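> The structure follows.
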Amino acid sequence: MKQRKITTIEQHILDAERMNPDASGTLTQILYDLALASKIISREVNKAGLVSLLGVTGTTNVQGEVVKKLDLFANDVIIQCLSEPGRVAVVGSEELEEAVILRENSHASYVVNMDPLDGSSNIDANVSIGTIFSILEMNPELSGQAQCLQAGSRQVAAGYIIYGSSTMFVYTTRDGTVNGFTLDPSVGEYFLSHSNIQTPQRGRIYSVNEGNYLKWQEGVKRYLKYVQAIEPDDDRPMTSRYIGSLVADFHRNLLYGGIFMYPADYKHPCGKLRLLYEASPLALVVNNAGGLATDGKRPILEIEPEELHQRVPLFIGSRDNVIQVMEFMKQ
Ligand code: AHG
Ligand code: MN
Ligand code: MN
């Protein structure tokens with residue numbers, strides 16, 4: 001019987017580097033750094049309830065360690081892993097008001113924007129959470145913290161880690177495919193489990209916080225009533241699934257097909273989710289998997305950022321579903 005090839009994430013990343021004659025190996029190292037950081041975060045997430053890591057900053061846990069909120073713990077671990085010499089010059093993080101310039105790396109050629117822990121309000125309820133990352137090259141036309149403010153189309157790589165029933169690392173490179181690696185904690189390795197992920201062109205799942213329904217623009221409301229209508233010939237009603245962790249909702253829809261929406265509303269004219277470290281990286285992933293991501297009008301990847309924590313309405317997932325909601329919003 002032909003043995004299935006076992007591929008670790010390091011082998012996969014290295015193979016990709018070898019196929020790129022211009023590769024310096026630095027992007028490889030950054031992806032390694034992120035994989036390492038995610039293993040450390042996964043370990044803490046999986047025991048968080050035991051060592052009261054959920055506490056507030058500054059208290060101490062049973063081992064007398066200073067307890068950090070898991071968001072800050074994740075933030076610090078990732079920055080520490082990315083601080084190896086010569087790799088990353090600037091890091092933008094949801095947890096930090098301003099981007100961090102890694103002084104000793106000012107000559108480095110990459111920038112990382114990240115959401116160290118997405119869905120963190122769900123940790124206490126043991127619901128899947130994640131890390132989202134976006135990797136850019138330094139732009140000679142920008143300097144310092146402004147290096148983080150680059151359109152999603154300039155990303156050289158992006159992806160996420162989902163800490164769920166298993167821990168999975170999913171990433172893509174600018175012109176690459178989308179691949180998923182599942183962590184085997186018994187050996188501490190990520191193994192290729194989902195090769196060349198392609199999201200269904202059309203899906204039956206819609207994900208949105210319907211509690212905001214009355215605050216949405218009319219087109220979005222009409223779309224919700226359309227997908228809920230009893231039209232069996234048109235495979236409606238669709239199915240509603242909403243976890244409240246973007247990474248978990250996105251990952252399920254990527255594999256099964258469907259649309260995730262966080263629309264603008266009259267209280268949040270730009271929606272809730274952040275462009276640089278939530279929408280843009282997931283937009284690169286979904287685009288390379290055959291899907292779409294827009295703010296309701298424009299492709300997410302084409303939006304020129306103006307500030308680090310800029311929010312953006314998000315409609316992301318299967319191509320046909322995203323196109324359809326945009327039609328309703330135009331009416
Ligand atoms: P974060 O925990 O990084 O702040 O992100 C939370 C986000 C996202 O994960 C999720 O889709 C969204 O908040 C849920 O928002 P609502 O609770 O308003 O639906
Ligand atoms: Mn988030
Ligand atoms: Mn977060």
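The chains in the structure tokens are called A, B, ... from first to last as shown; in each chain the residues are counted from 1, and the ligands are counted from 1 in the order shown.
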Give the residues close to ligand 2, within 6 Å, counting only C-alpha atoms and all ligand atoms; write them as a PyMOL selection string.

chain A and resi 115+118-119

> Can you pull out every residue with an atom within 6 Å of ligand 1? Use only C-alpha atoms and all ligand atoms and format it as a PyMOL selection string.

chain A and resi 115+117-121+209+244-246

> I'd like the neighbourhood of Thr239 of chain A as a VMD selection string, where a residue qualifies if any of its atoms comes within 7 Å (using only C-alpha atoms), though same-chain residues fewer than 2 positions away should be ignored.

chain A and resid 204 to 206 237 241

> Those same residues - C-alpha atoms - I'd like them written as a short mmCIF file (atom, residue, chain, number, x, y, z; two decimals), in the first residue's frame.


data_model
loop_
_atom_site.label_atom_id
_atom_site.label_comp_id
_atom_site.auth_asym_id
_atom_site.auth_seq_id
_atom_site.Cartn_x
_atom_site.Cartn_y
_atom_site.Cartn_z
CA ARG A 204 -25.33 27.35 2.44
CA ILE A 205 -24.00 28.94 5.63
CA TYR A 206 -24.35 32.58 6.61
CA PRO A 237 -33.38 28.95 3.82
CA ARG A 241 -23.85 29.58 12.10
#

> Please check which protein, DNA or RNA residues sit within 12 Å of ligand 3, counting only C-alpha atoms and all ligand atoms, and write them as a ChimeraX atom specification.

/A:69-75,93-96,113-123,129-133,244-247,272-274,277-278,309

> Once you count only C-alpha atoms, what closest atom pair and distance in Å to one decimal does each residue of segment 206-299 of chain A within 7 Å of segment 186-200 of chain A have, with rows by chain and rising residue number, as CSV?


residue,atom,partner,partner_atom,distance
A:Leu254,CA,A:Thr199,CA,5.1
A:Leu255,CA,A:Thr199,CA,5.8
A:Tyr256,CA,A:Pro200,CA,6.9
A:Gly257,CA,A:Pro200,CA,4.9
A:Ala289,CA,A:Gln198,CA,4.3
A:Gly290,CA,A:Gln198,CA,5.9
A:Gly291,CA,A:Thr199,CA,6.3

> So, counting only C-alpha atoms, which residue among A:Met138, A:Ala151, A:Glu327, A:His251 is closest to Tyr223 of chain A?

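For Tyr223 of chain A, the nearest of the candidates is A:Glu327.
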
> For segment 26-32 of chain A, please output as a count of residues only all residues within 12 Å (counting only C-alpha atoms; exclusion window: fewer than 3 positions along the same chain).

56

> What is the atom CA of Ser280 of chain A to atom CA of Arg311 of chain A distance in Å?

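Between atom CA of Ser280 of chain A and atom CA of Arg311 of chain A the gap is 11.0 Å.
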
> Could you give me, as a list in words, the residues within 12 Å of Tyr266 of chain A, counting only C-alpha atoms and dropping anything in the same chain fewer than 6 positions from it?

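These residues fall inside the cut-off: Asn212, Tyr213, Leu214, Lys215, Trp216, Gln217, Glu218 and Lys272 of chain A.
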
> Take the selection from the previous step and output its residues with all heavy atoms, as a JSON list (two decimals), in the first residue's frame.


[["chain", "number", "residue", "atom", "x", "y", "z"],
["A", 212, "ASN", "N", -27.70, 42.67, 15.60],
["A", 212, "ASN", "CA", -27.50, 44.03, 15.07],
["A", 212, "ASN", "C", -28.46, 44.35, 13.93],
["A", 212, "ASN", "O", -28.38, 45.43, 13.32],
["A", 212, "ASN", "CB", -26.05, 44.17, 14.57],
["A", 212, "ASN", "CG", -25.05, 44.03, 15.71],
["A", 212, "ASN", "OD1", -25.31, 44.46, 16.83],
["A", 212, "ASN", "ND2", -23.91, 43.39, 15.45],
["A", 213, "TYR", "N", -29.39, 43.43, 13.63],
["A", 213, "TYR", "CA", -30.24, 43.55, 12.43],
["A", 213, "TYR", "C", -30.85, 44.93, 12.26],
["A", 213, "TYR", "O", -30.77, 45.55, 11.22],
["A", 213, "TYR", "CB", -31.36, 42.48, 12.50],
["A", 213, "TYR", "CG", -32.34, 42.54, 11.36],
["A", 213, "TYR", "CD1", -32.08, 41.89, 10.15],
["A", 213, "TYR", "CD2", -33.53, 43.27, 11.48],
["A", 213, "TYR", "CE1", -32.98, 41.96, 9.10],
["A", 213, "TYR", "CE2", -34.43, 43.35, 10.42],
["A", 213, "TYR", "CZ", -34.15, 42.69, 9.24],
["A", 213, "TYR", "OH", -35.03, 42.78, 8.19],
["A", 214, "LEU", "N", -31.44, 45.47, 13.30],
["A", 214, "LEU", "CA", -32.19, 46.74, 13.17],
["A", 214, "LEU", "C", -31.26, 47.92, 12.92],
["A", 214, "LEU", "O", -31.71, 49.01, 12.58],
["A", 214, "LEU", "CB", -33.04, 46.97, 14.43],
["A", 214, "LEU", "CG", -34.20, 45.96, 14.62],
["A", 214, "LEU", "CD1", -34.93, 46.22, 15.95],
["A", 214, "LEU", "CD2", -35.18, 46.04, 13.44],
["A", 215, "LYS", "N", -29.95, 47.72, 13.07],
["A", 215, "LYS", "CA", -29.01, 48.83, 12.88],
["A", 215, "LYS", "C", -28.41, 48.86, 11.47],
["A", 215, "LYS", "O", -27.71, 49.78, 11.09],
["A", 215, "LYS", "CB", -27.87, 48.72, 13.90],
["A", 215, "LYS", "CG", -28.30, 48.88, 15.36],
["A", 215, "LYS", "CD", -27.08, 48.86, 16.29],
["A", 215, "LYS", "CE", -26.90, 47.52, 16.92],
["A", 215, "LYS", "NZ", -25.73, 47.42, 17.83],
["A", 216, "TRP", "N", -28.72, 47.78, 10.68],
["A", 216, "TRP", "CA", -28.07, 47.67, 9.37],
["A", 216, "TRP", "C", -28.74, 48.54, 8.31],
["A", 216, "TRP", "O", -29.92, 48.93, 8.46],
["A", 216, "TRP", "CB", -28.10, 46.22, 8.89],
["A", 216, "TRP", "CG", -27.29, 45.27, 9.72],
["A", 216, "TRP", "CD1", -26.20, 45.55, 10.49],
["A", 216, "TRP", "CD2", -27.55, 43.87, 9.88],
["A", 216, "TRP", "NE1", -25.76, 44.41, 11.12],
["A", 216, "TRP", "CE2", -26.56, 43.37, 10.74],
["A", 216, "TRP", "CE3", -28.50, 42.99, 9.37],
["A", 216, "TRP", "CZ2", -26.50, 42.03, 11.11],
["A", 216, "TRP", "CZ3", -28.46, 41.65, 9.72],
["A", 216, "TRP", "CH2", -27.45, 41.18, 10.60],
["A", 217, "GLN", "N", -28.04, 48.75, 7.22],
["A", 217, "GLN", "CA", -28.66, 49.41, 6.05],
["A", 217, "GLN", "C", -29.69, 48.47, 5.43],
["A", 217, "GLN", "O", -29.64, 47.25, 5.64],
["A", 217, "GLN", "CB", -27.58, 49.78, 5.03],
["A", 217, "GLN", "CG", -26.98, 48.56, 4.31],
["A", 217, "GLN", "CD", -26.00, 48.93, 3.20],
["A", 217, "GLN", "OE1", -24.87, 49.29, 3.50],
["A", 217, "GLN", "NE2", -26.44, 48.86, 1.95],
["A", 218, "GLU", "N", -30.63, 49.04, 4.69],
["A", 218, "GLU", "CA", -31.78, 48.27, 4.16],
["A", 218, "GLU", "C", -31.34, 47.07, 3.30],
["A", 218, "GLU", "O", -31.89, 45.98, 3.42],
["A", 218, "GLU", "CB", -32.69, 49.19, 3.34],
["A", 218, "GLU", "CG", -33.56, 50.09, 4.21],
["A", 218, "GLU", "CD", -34.27, 49.30, 5.32],
["A", 218, "GLU", "OE1", -34.93, 48.27, 5.01],
["A", 218, "GLU", "OE2", -34.13, 49.68, 6.51],
["A", 272, "LYS", "N", -16.95, 46.68, 12.80],
["A", 272, "LYS", "CA", -16.18, 46.42, 14.04],
["A", 272, "LYS", "C", -14.79, 45.86, 13.74],
["A", 272, "LYS", "O", -13.85, 46.12, 14.49],
["A", 272, "LYS", "CB", -16.94, 45.40, 14.89],
["A", 272, "LYS", "CG", -16.12, 44.90, 16.09],
["A", 272, "LYS", "CD", -16.87, 43.87, 16.91],
["A", 272, "LYS", "CE", -16.05, 43.43, 18.13],
["A", 272, "LYS", "NZ", -16.76, 42.43, 18.95]]
